[in-house]
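What follows is a short report on a single structure.
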Amino acid sequence: MKKLTLIVLSALILSSCKTPNYGSEEEINHVIEKSTDTEVATYNGYVVEVTEDNIIRVKVPKRDDMIQKGWAINEDGIVKIALASIKLPTDNLPLSHETNATLKKLLLDKEITLDILEETATSNSENSNPLNETQGYIHLKNSNVSIQEVLLKNGLAIIDQSSPSVKSYMSKLENLQTLARNKSLGVWAIDGFVNLNNTLEGHFTDVLDVNEEEIKSIIKDIKVNGSDFEKFLIK
């Protein structure tokens, strides 16, 4: 009996120490509802890197499938993903470092579900990705909430109306952005930072008079009044 117990315990310990599977090949349920104007392909994957300019490098198990479709993927089975439908502050703008740190803590070394917008994925297509970055929506494994939703409702991103998107999903994202704006969360707490005068898309302006203490206060307010922010672990 003692020998059997030891065998069972050893098996449990070994199973808890297994290496990541870099995305399962099992059948995937679509998280983002497909629309008639935008084709979406869904894959499981594993995030291996989040770059300083917020590009997500994802290892997917079905590299051959992507190659057959003519999609951009390297020899190691890694695809570069730009977050679809949103803009994030970058290039040393206010909250750019905090947003990038958030993405890294939330996604790095995590298994995800990736909804790729097919029109952005072809490696030789002339689309809105001159840097050859595939666009997609990302969900943590077993989560129904996308990274886009979490960033928008906490004021760490704004909607990008000019990029390809799943139109049926945009109304939900717009509602989340409105909630963050009404609460003055994140980028919306900085007067004049977001310019919505352009009817096609909003954009960030060059705000120079935001100091470190103001940024700390904004992050503190997000932790108190934001949604799902305990997942972010911002310090």
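Chain identifiers are assigned as A, B, and so on, following the order in which chains appear in the structure tokens; residues are numbered from 1 within each chain, and ligands are numbered from 1 in order of appearance.
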
key: For stretch 86-97 of chain A: contacts at 6 Å, only C-alpha atoms, fewer than 5 positions along chain excluded, given as an MDAnalysis selection string   = chainID A and resid 157:160

What's the 9 Å shell around A:Gln177, counting only C-alpha atoms, without same-chain residues fewer than 5 positions away, as a CSV table (one decimal) with C-alpha atoms, in the first residue's frame?
chain,number,residue,atom,x,y,z
A,149,GLU,CA,-11.6,44.5,-23.2
A,152,LEU,CA,-10.1,49.6,-22.7
A,153,LYS,CA,-12.2,49.4,-19.5
A,154,ASN,CA,-9.2,50.4,-17.4
A,155,GLY,CA,-8.3,53.3,-19.6
A,157,ALA,CA,-6.0,51.9,-24.5
A,158,ILE,CA,-8.4,53.6,-26.9
A,159,ILE,CA,-10.3,52.2,-29.9
A,172,LYS,CA,-18.9,46.1,-26.9
A,182,ASN,CA,-16.9,58.5,-17.8

request  = For each of A:Met66, A:Val40, A:Val187, A:Ile138, take the minimum atom-to-atom distance to A:Ile81, counting only C-alpha atoms, then give the residue where this is smallest.
outcome  = A:Ile138

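Shortest separation to A:Ile222 among A:Leu151, A:Met170, A:Val210, A:Leu114 occurs at residue A:Leu151, atoms counted being only C-alpha atoms.
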